[in-house]
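Visitor: The structure file coords.cif (mmCIF, C-alpha atoms) is provided below.
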```cif
data_structure
#
loop_
_atom_site.label_atom_id
_atom_site.label_comp_id
_atom_site.auth_asym_id
_atom_site.auth_seq_id
_atom_site.Cartn_x
_atom_site.Cartn_y
_atom_site.Cartn_z
CA MET A 1 -33.98 -62.10 54.17
CA ARG A 2 -30.83 -62.13 52.16
CA TYR A 3 -31.20 -60.98 48.59
CA GLN A 4 -29.73 -63.40 46.05
CA VAL A 5 -28.23 -61.96 42.86
CA THR A 6 -28.68 -64.30 40.00
CA LEU A 7 -26.03 -65.05 37.45
CA ARG A 8 -28.22 -63.50 34.76
CA THR A 9 -28.36 -60.23 36.71
CA LYS A 10 -24.61 -60.25 37.20
CA LEU A 11 -24.06 -60.76 33.50
CA ILE A 12 -26.44 -57.95 32.61
CA ALA A 13 -24.74 -55.62 35.08
CA ALA A 14 -21.32 -56.61 33.76
CA LEU A 15 -22.38 -55.74 30.25
CA LEU A 16 -24.35 -52.59 31.06
CA LEU A 17 -21.78 -50.99 33.37
CA PRO A 18 -19.14 -50.50 30.61
CA LEU A 19 -21.87 -49.21 28.35
CA ALA A 20 -23.01 -46.73 30.97
CA LEU A 21 -19.46 -45.60 31.64
CA THR A 22 -18.85 -45.26 27.90
CA LEU A 23 -21.98 -43.15 27.52
CA VAL A 24 -21.03 -40.91 30.44
CA ALA A 25 -17.46 -40.53 29.16
CA GLY A 26 -18.79 -39.87 25.66
CA ALA A 27 -21.19 -37.22 26.95
CA ILE A 28 -18.42 -35.49 28.87
CA SER A 29 -16.08 -35.69 25.90
CA ARG A 30 -18.80 -34.43 23.61
CA THR A 31 -19.46 -31.47 25.89
CA GLU A 32 -15.77 -30.63 26.05
CA GLN A 33 -15.46 -30.95 22.29
CA GLN A 34 -18.42 -28.65 21.75
CA ALA A 35 -16.89 -26.05 24.06
CA ARG A 36 -13.53 -26.34 22.33
CA LEU A 37 -15.22 -26.24 18.93
CA GLY A 38 -16.97 -23.02 19.95
CA ASP A 39 -13.62 -21.46 20.89
CA ILE A 40 -12.07 -22.51 17.58
CA GLU A 41 -15.05 -21.20 15.60
CA THR A 42 -14.67 -17.88 17.43
CA SER A 43 -10.99 -17.85 16.44
CA LEU A 44 -11.97 -18.66 12.85
CA ALA A 45 -14.41 -15.74 12.77
CA ARG A 46 -11.69 -13.45 14.12
CA ASP A 47 -9.11 -14.71 11.60
CA ASN A 48 -11.57 -14.25 8.72
CA HIS A 49 -12.38 -10.74 9.92
CA VAL A 50 -8.69 -9.80 10.09
CA LEU A 51 -8.17 -11.30 6.63
CA GLU A 52 -11.07 -9.26 5.27
CA LEU A 53 -9.66 -6.03 6.77
CA VAL A 54 -6.17 -6.71 5.42
CA THR A 55 -7.61 -7.43 1.97
CA LYS A 56 -9.47 -4.11 2.08
CA CYS A 57 -6.20 -2.38 3.05
CA ARG A 58 -4.43 -3.91 0.07
CA ASP A 59 -7.22 -2.93 -2.33
CA ALA A 60 -7.30 0.65 -0.99
CA PHE A 61 -3.52 0.97 -1.34
CA MET A 62 -3.68 -0.32 -4.91
CA ARG A 63 -6.20 2.44 -5.66
CA ALA A 64 -3.90 4.99 -3.98
CA ARG A 65 -1.00 3.85 -6.18
CA ARG A 66 -3.20 4.21 -9.24
CA ASP A 67 -4.09 7.79 -8.18
CA GLU A 68 -0.38 8.54 -7.71
CA ARG A 69 0.51 7.26 -11.18
CA ASP A 70 -2.43 9.06 -12.78
CA PHE A 71 -1.28 12.37 -11.27
CA VAL A 72 2.26 11.95 -12.61
CA ILE A 73 0.97 11.01 -16.06
CA ASN A 74 -1.72 13.69 -16.33
CA VAL A 75 -0.29 16.69 -14.47
CA ARG A 76 0.97 18.15 -17.76
CA ARG A 77 -2.05 16.97 -19.70
CA PHE A 78 -4.56 18.71 -17.42
CA SER A 79 -3.99 21.89 -15.48
CA PHE A 80 -2.06 21.47 -12.23
CA GLU A 81 -5.06 22.48 -10.13
CA GLU A 82 -7.30 19.97 -11.87
CA ALA A 83 -4.77 17.14 -11.53
CA ARG A 84 -4.19 17.92 -7.85
CA SER A 85 -7.90 18.16 -7.12
CA ARG A 86 -8.70 14.97 -9.00
CA TYR A 87 -5.89 12.61 -7.99
CA ALA A 88 -4.19 13.94 -4.85
CA SER A 89 -7.55 14.24 -3.08
CA LEU A 90 -8.48 10.66 -4.02
CA LEU A 91 -5.10 9.41 -2.81
CA ARG A 92 -5.52 11.06 0.59
CA SER A 93 -8.99 9.58 0.92
CA GLU A 94 -7.70 6.07 0.20
CA LEU A 95 -4.88 6.43 2.72
CA ASN A 96 -7.30 7.65 5.40
CA GLU A 97 -9.42 4.55 4.74
CA ILE A 98 -6.35 2.35 5.26
CA ARG A 99 -5.56 4.08 8.56
CA GLY A 100 -9.08 3.37 9.77
CA LEU A 101 -8.78 -0.29 8.75
CA LEU A 102 -5.44 -0.66 10.54
CA ILE A 103 -7.00 0.76 13.71
CA GLN A 104 -9.74 -1.88 13.45
CA ILE A 105 -7.12 -4.62 13.03
CA ASP A 106 -5.26 -3.45 16.15
CA THR A 107 -8.43 -3.40 18.26
CA ILE A 108 -9.48 -6.98 17.42
CA ASP A 109 -9.40 -9.36 20.41
CA GLY A 110 -6.29 -11.47 20.65
CA TYR A 111 -2.93 -9.70 21.01
CA ASP A 112 -0.50 -10.62 18.24
CA PRO A 113 2.96 -8.97 18.57
CA TRP A 114 3.98 -9.75 14.99
CA ARG A 115 0.75 -8.38 13.52
CA GLN A 116 1.00 -5.25 15.65
CA SER A 117 4.60 -4.65 14.53
CA GLU A 118 3.52 -4.95 10.89
CA THR A 119 0.62 -2.51 11.33
CA VAL A 120 2.92 -0.01 13.10
CA LYS A 121 5.37 -0.34 10.20
CA MET A 122 2.56 0.28 7.71
CA VAL A 123 1.23 3.33 9.56
CA ALA A 124 4.71 4.91 9.46
CA ALA A 125 5.30 3.96 5.81
CA ILE A 126 1.89 5.31 4.75
CA ALA A 127 2.61 8.61 6.53
CA ASN A 128 5.94 8.88 4.69
CA PHE A 129 4.29 7.96 1.40
CA GLU A 130 1.59 10.60 1.80
CA ALA A 131 3.93 13.37 3.01
CA SER A 132 6.52 12.79 0.26
CA PHE A 133 3.88 12.51 -2.45
CA LEU A 134 2.10 15.71 -1.40
CA GLU A 135 5.42 17.57 -1.23
CA MET A 136 6.14 16.36 -4.76
CA VAL A 137 2.71 17.60 -5.84
CA GLU A 138 3.37 21.08 -4.44
CA LEU A 139 6.79 21.19 -6.09
CA GLN A 140 5.18 20.17 -9.35
CA GLY A 141 2.85 23.16 -8.96
CA ARG A 142 5.87 25.47 -8.52
CA LEU A 143 7.48 23.96 -11.59
CA GLY A 144 4.34 24.62 -13.65
CA ASP A 145 4.10 24.17 -17.40
CA ALA A 146 4.68 26.22 -20.54
CA ALA A 147 2.18 28.85 -19.38
CA THR A 148 2.50 28.77 -15.56
CA GLY A 149 5.01 28.47 -12.74
CA LEU A 150 8.77 28.53 -13.18
CA GLU A 151 8.63 26.97 -16.62
CA GLY A 152 6.23 29.66 -17.83
CA ARG A 153 8.40 32.45 -16.40
CA LEU A 154 11.51 30.84 -17.87
CA ARG A 155 9.99 30.77 -21.34
CA SER A 156 8.73 34.33 -20.97
CA GLU A 157 12.29 35.51 -20.25
CA ALA A 158 13.57 33.43 -23.16
CA ARG A 159 11.13 35.19 -25.50
CA ALA A 160 12.28 38.59 -24.21
CA ILE A 161 15.90 37.62 -24.90
CA GLU A 162 14.90 36.33 -28.31
CA GLY A 163 13.26 39.69 -29.15
CA LEU A 164 16.46 41.59 -28.32
CA VAL A 165 18.63 39.17 -30.27
CA ASP A 166 16.32 39.27 -33.29
CA SER A 167 16.64 43.04 -33.43
CA GLY A 168 20.35 42.72 -34.22
CA ARG A 169 20.02 39.78 -36.58
CA THR A 170 23.56 38.72 -35.75
CA PRO A 171 24.21 35.11 -36.81
CA GLN A 172 26.45 34.38 -33.81
CA LEU A 173 23.89 35.65 -31.31
CA LEU A 174 21.10 33.71 -33.02
CA ALA A 175 23.25 30.55 -32.84
CA ASP A 176 23.90 31.18 -29.11
CA LEU A 177 20.17 31.70 -28.49
CA LEU A 178 19.23 28.54 -30.35
CA MET A 179 21.62 26.53 -28.20
CA ILE A 180 20.11 28.02 -25.03
CA ARG A 181 16.58 27.09 -26.09
CA ARG A 182 17.70 23.63 -27.17
CA TYR A 183 19.39 22.86 -23.84
CA GLU A 184 16.42 24.31 -21.95
CA LYS A 185 14.00 21.97 -23.73
CA ASP A 186 16.35 18.99 -23.34
CA TYR A 187 16.65 19.60 -19.59
CA ILE A 188 12.89 20.06 -19.13
CA ALA A 189 12.26 16.83 -21.05
CA GLY A 190 14.62 14.65 -19.03
CA HIS A 191 16.24 16.69 -16.21
CA ALA A 192 19.70 15.41 -17.23
CA ASN A 193 22.49 17.27 -15.42
CA LYS A 194 24.61 17.68 -18.54
CA TYR A 195 22.00 19.96 -20.13
CA GLN A 196 21.93 22.40 -17.23
CA LEU A 197 25.71 22.74 -17.48
CA LEU A 198 25.54 23.22 -21.24
CA LEU A 199 22.76 25.78 -20.86
CA ARG A 200 24.73 27.86 -18.36
CA ASP A 201 27.73 27.86 -20.68
CA ALA A 202 25.48 28.96 -23.58
CA VAL A 203 24.02 31.81 -21.48
CA ASP A 204 27.50 33.06 -20.60
CA ARG A 205 28.56 32.83 -24.22
CA LEU A 206 25.53 34.81 -25.43
CA GLY A 207 26.26 37.55 -22.87
CA GLN A 208 29.88 37.81 -23.96
CA ASP A 209 29.03 37.86 -27.67
CA ALA A 210 26.27 40.46 -27.13
CA SER A 211 28.66 42.89 -25.43
CA THR A 212 30.68 43.16 -28.65
CA THR A 213 28.03 42.80 -31.35
CA LEU A 214 25.08 44.68 -29.75
CA PRO A 215 26.60 47.33 -27.46
CA LYS A 216 23.38 49.39 -27.26
CA GLU A 217 21.18 46.44 -26.33
CA ALA A 218 23.83 44.66 -24.24
CA ALA A 219 22.75 46.11 -20.86
CA GLY A 220 19.10 45.12 -21.31
CA LEU A 221 20.07 41.74 -22.68
CA GLN A 222 22.42 41.07 -19.77
CA ALA A 223 19.63 41.90 -17.30
CA HIS A 224 17.30 39.40 -18.97
CA LEU A 225 20.06 36.80 -19.08
CA ARG A 226 20.66 37.17 -15.33
CA THR A 227 16.94 36.79 -14.65
CA TYR A 228 16.77 33.79 -16.97
CA ALA A 229 19.80 32.15 -15.31
CA GLY A 230 18.30 32.71 -11.85
CA LEU A 231 14.97 31.22 -12.89
CA PHE A 232 16.72 28.26 -14.46
CA THR A 233 18.73 27.64 -11.28
CA GLU A 234 15.49 27.73 -9.28
CA TYR A 235 13.85 25.42 -11.80
CA VAL A 236 16.69 22.91 -11.45
CA GLY A 237 16.38 23.00 -7.65
CA VAL A 238 12.64 22.32 -7.79
CA ALA A 239 13.10 19.55 -10.38
CA GLU A 240 15.70 17.87 -8.17
CA GLY A 241 13.34 18.21 -5.22
CA ILE A 242 10.63 16.43 -7.22
CA GLU A 243 13.01 13.59 -8.04
CA SER A 244 14.07 13.30 -4.40
CA ARG A 245 10.49 13.22 -3.11
CA THR A 246 9.57 10.70 -5.79
CA VAL A 247 12.29 8.34 -4.58
CA GLU A 248 11.08 8.81 -1.00
CA TYR A 249 7.42 8.06 -1.67
CA LEU A 250 8.24 5.10 -3.93
CA THR A 251 10.44 3.64 -1.17
CA ALA A 252 7.61 4.12 1.34
CA ALA A 253 5.16 2.54 -1.11
CA ASN A 254 7.38 -0.53 -1.47
CA THR A 255 7.64 -0.83 2.32
CA THR A 256 3.85 -0.62 2.66
CA GLU A 257 3.22 -3.16 -0.08
CA SER A 258 5.75 -5.61 1.40
CA ALA A 259 4.16 -5.35 4.85
CA LEU A 260 0.66 -5.74 3.41
CA ASN A 261 1.65 -8.81 1.37
CA ALA A 262 3.38 -10.41 4.38
CA LEU A 263 0.33 -9.76 6.56
CA LEU A 264 -2.02 -11.06 3.88
CA VAL A 265 -0.04 -14.30 3.44
CA ARG A 266 0.13 -14.86 7.16
CA GLU A 267 -3.57 -14.16 7.81
CA ASN A 268 -4.51 -16.45 4.92
CA GLY A 269 -2.45 -19.20 6.56
CA GLU A 270 -3.94 -18.52 9.99
CA ALA A 271 -7.52 -18.65 8.65
CA ALA A 272 -6.84 -21.87 6.69
CA ALA A 273 -5.25 -23.56 9.73
CA THR A 274 -8.14 -22.57 12.00
CA LEU A 275 -10.68 -23.78 9.44
CA GLN A 276 -8.88 -27.13 9.33
CA GLN A 277 -9.12 -27.34 13.13
CA VAL A 278 -12.87 -26.72 12.97
CA GLN A 279 -13.30 -29.45 10.36
CA ASP A 280 -11.17 -31.90 12.39
CA TYR A 281 -13.17 -31.31 15.57
CA ARG A 282 -16.48 -31.70 13.77
CA ARG A 283 -15.24 -34.92 12.21
CA SER A 284 -14.04 -36.35 15.55
CA GLY A 285 -17.36 -35.39 17.17
CA ARG A 286 -19.32 -37.30 14.54
CA ASN A 287 -17.04 -40.32 14.98
CA LEU A 288 -17.65 -40.30 18.74
CA VAL A 289 -21.43 -40.25 18.31
CA ILE A 290 -21.23 -43.13 15.83
CA ALA A 291 -19.00 -45.18 18.16
CA VAL A 292 -21.32 -44.78 21.16
CA SER A 293 -24.49 -45.43 19.18
CA THR A 294 -23.16 -48.69 17.74
CA PHE A 295 -21.90 -50.08 21.07
CA PRO A 296 -24.79 -52.66 21.42
CA ALA A 297 -24.23 -54.43 18.16
CA GLN A 298 -25.83 -57.86 18.64
CA TRP A 299 -28.83 -59.40 20.46
CA ASP A 300 -28.46 -62.27 22.87
CA PRO A 301 -31.87 -64.04 23.29
CA LYS A 302 -30.85 -65.71 26.55
CA LEU A 303 -29.87 -62.44 28.26
CA GLY A 304 -32.39 -60.22 26.49
CA ILE A 305 -29.80 -57.46 25.85
CA HIS A 306 -27.42 -56.33 23.22
CA VAL A 307 -23.80 -57.46 23.49
CA THR A 308 -20.70 -56.74 21.46
#
```
Step by step, read the file and then write its structure as structure tokens.

Guide:
Amino acid sequence: MRYQVTLRTKLIAALLLPLALTLVAGAISRTEQQARLGDIETSLARDNHVLELVTKCRDAFMRARRDERDFVINVRRFSFEEARSRYASLLRSELNEIRGLLIQIDTIDGYDPWRQSETVKMVAAIANFEASFLEMVELQGRLGDAATGLEGRLRSEARAIEGLVDSGRTPQLLADLLMIRRYEKDYIAGHANKYQLLLRDAVDRLGQDASTTLPKEAAGLQAHLRTYAGLFTEYVGVAEGIESRTVEYLTAANTTESALNALLVRENGEAAATLQQVQDYRRSGRNLVIAVSTFPAQWDPKLGIHVT
């Protein structure tokens, strides 16, 4: 017996088939969207983690810069050993923390050539910053203060010279000595080259004047003047070394800060863009569910089904 399909059945099938296809397509699309959304959320978690690590690097380097400045400010206020123990040790600890954070950034899934080049640049700059700063610290220890190091020895020789000059009470020698001490203090205060030249001239002048005005004390005075001049030359060399190392570590600090800021700006942008992708996918997923659920919008009493 041949089966007869009624018109009503054909109409129902014609209306239900698109609905069924829409539901199947929607389910497939929904599944794909969920998988893609999962991938994007994974990327967002990675971007946020990188951003967190970079932020920690920046904060640690800011603390290291504060330790560096505190050492320079307080090395003459405290003893050298105390300043080195307090600030140089903290600075090294902060830099070691940054190195550990940079290693974590490099080991995060997802190879990024630009990010890796920036972290390599920072590792090198941080090494230069630390090496130059610690060399400056050691030179500062050699320089010393009024009671220690080269400065202490320099002032001790100056007092010995002053004792010999005072014994003669010669106005010209006293004037020469006063000029030596003045130029010494001026150079120590600002390390200006003109004062070291003026001081050497004053030392030579005192030696020449002493040979005529204090013949008995001249030999001893000349010996002290030679020692004083040698110490002063050494002092100038160490002071120039400190200035050179300071320029080196400040240059390295600027390189590190520039790389950190560039990385921070970029990772902020990456995280914001990925977050926007997540929000867009979630929004499109909700719109798809709403579209499928509202497909049968009206009721046809004759057919007994919903139609649009």

Visitor: Using the chain letters and numbers from this file, what does the PyMOL selection byres ((chain A and resi 232) around 12) select? Give the answer as an NGL selection string.

Guide: :A and (143 or 149-158 or 180-181 or 183-185 or 187-188 or 191 or 195-197 or 199-200 or 203 or 225-231 or 233-239)

Visitor: Identify which of the residues A:Leu173, A:Ala219, A:Leu178, A:Val75 lies closest to A:Leu206, counting all atoms listed in the file when measuring atom-to-atom distances.

Guide: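 Looking only at the distances to A:Leu206, the closest residue turns out to be A:Leu173.
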
Visitor: Tell me which residues the PyMOL selection byres ((chain A and resi 106-121) around 9) grabs here, as an mmCIF file with C-alpha atoms, in the frame of the given file.

Guide:
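Here's the written file result_34.cif:
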```cif
data_model
loop_
_atom_site.group_PDB
_atom_site.id
_atom_site.type_symbol
_atom_site.label_atom_id
_atom_site.label_comp_id
_atom_site.auth_asym_id
_atom_site.auth_seq_id
_atom_site.Cartn_x
_atom_site.Cartn_y
_atom_site.Cartn_z
ATOM 1 C CA SER A 43 -10.990 -17.850 16.440
ATOM 2 C CA ARG A 46 -11.690 -13.450 14.120
ATOM 3 C CA HIS A 49 -12.380 -10.740 9.920
ATOM 4 C CA VAL A 50 -8.690 -9.800 10.090
ATOM 5 C CA LEU A 101 -8.780 -0.290 8.750
ATOM 6 C CA LEU A 102 -5.440 -0.660 10.540
ATOM 7 C CA ILE A 103 -7.000 0.760 13.710
ATOM 8 C CA GLN A 104 -9.740 -1.880 13.450
ATOM 9 C CA ILE A 105 -7.120 -4.620 13.030
ATOM 10 C CA MET A 122 2.560 0.280 7.710
ATOM 11 C CA VAL A 123 1.230 3.330 9.560
ATOM 12 C CA ALA A 124 4.710 4.910 9.460
ATOM 13 C CA ALA A 125 5.300 3.960 5.810
ATOM 14 C CA ILE A 126 1.890 5.310 4.750
ATOM 15 C CA THR A 255 7.640 -0.830 2.320
ATOM 16 C CA THR A 256 3.850 -0.620 2.660
ATOM 17 C CA ALA A 259 4.160 -5.350 4.850
ATOM 18 C CA LEU A 260 0.660 -5.740 3.410
ATOM 19 C CA ALA A 262 3.380 -10.410 4.380
ATOM 20 C CA LEU A 263 0.330 -9.760 6.560
#
```

Visitor: Show me, as a list in words, the residues that have an atom within 8 Å of stretch 62-68 of chain A when counting only C-alpha atoms, minus same-chain residues fewer than 3 positions from it.

Guide: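 Counting only C-alpha atoms, the residues come to Arg58, Asp59, Phe71, Val72, Tyr87, Ala88, Leu90, Leu91, Arg92, Glu94, Leu95 and Phe133 of chain A.
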
Visitor: Expressed in Å to a single decimal, how great is the separation between atom CA of A:Phe129 and atom CA of A:Tyr249?

Guide: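 Result for atom CA of A:Phe129 versus atom CA of A:Tyr249: 4.4 Å, one decimal.
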
Visitor: So how many Å separate atom CA of A:Leu164 and atom CA of A:Asp186, to one decimal?

Guide: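 Taking atom CA of A:Leu164 and atom CA of A:Asp186, their separation equals 23.1 Å.
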
Visitor: On this structure, which residues satisfy the PyMOL selection byres ((chain A and resi 245) around 12), written as a VMD selection string?

Guide: chain A and resid 128 to 140 238 to 244 246 to 252

Visitor: How many Å separate atom CA of A:Arg76 from atom CA of A:Ser93?

Guide: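 Rounded to one decimal, the two atoms are 22.8 Å apart.
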
Visitor: Determine the nearest neighbour of A:Thr212 from the options A:Ala147, A:Gln172, A:Ala189, A:Leu198, counting all atoms listed in the file.

Guide: A:Gln172
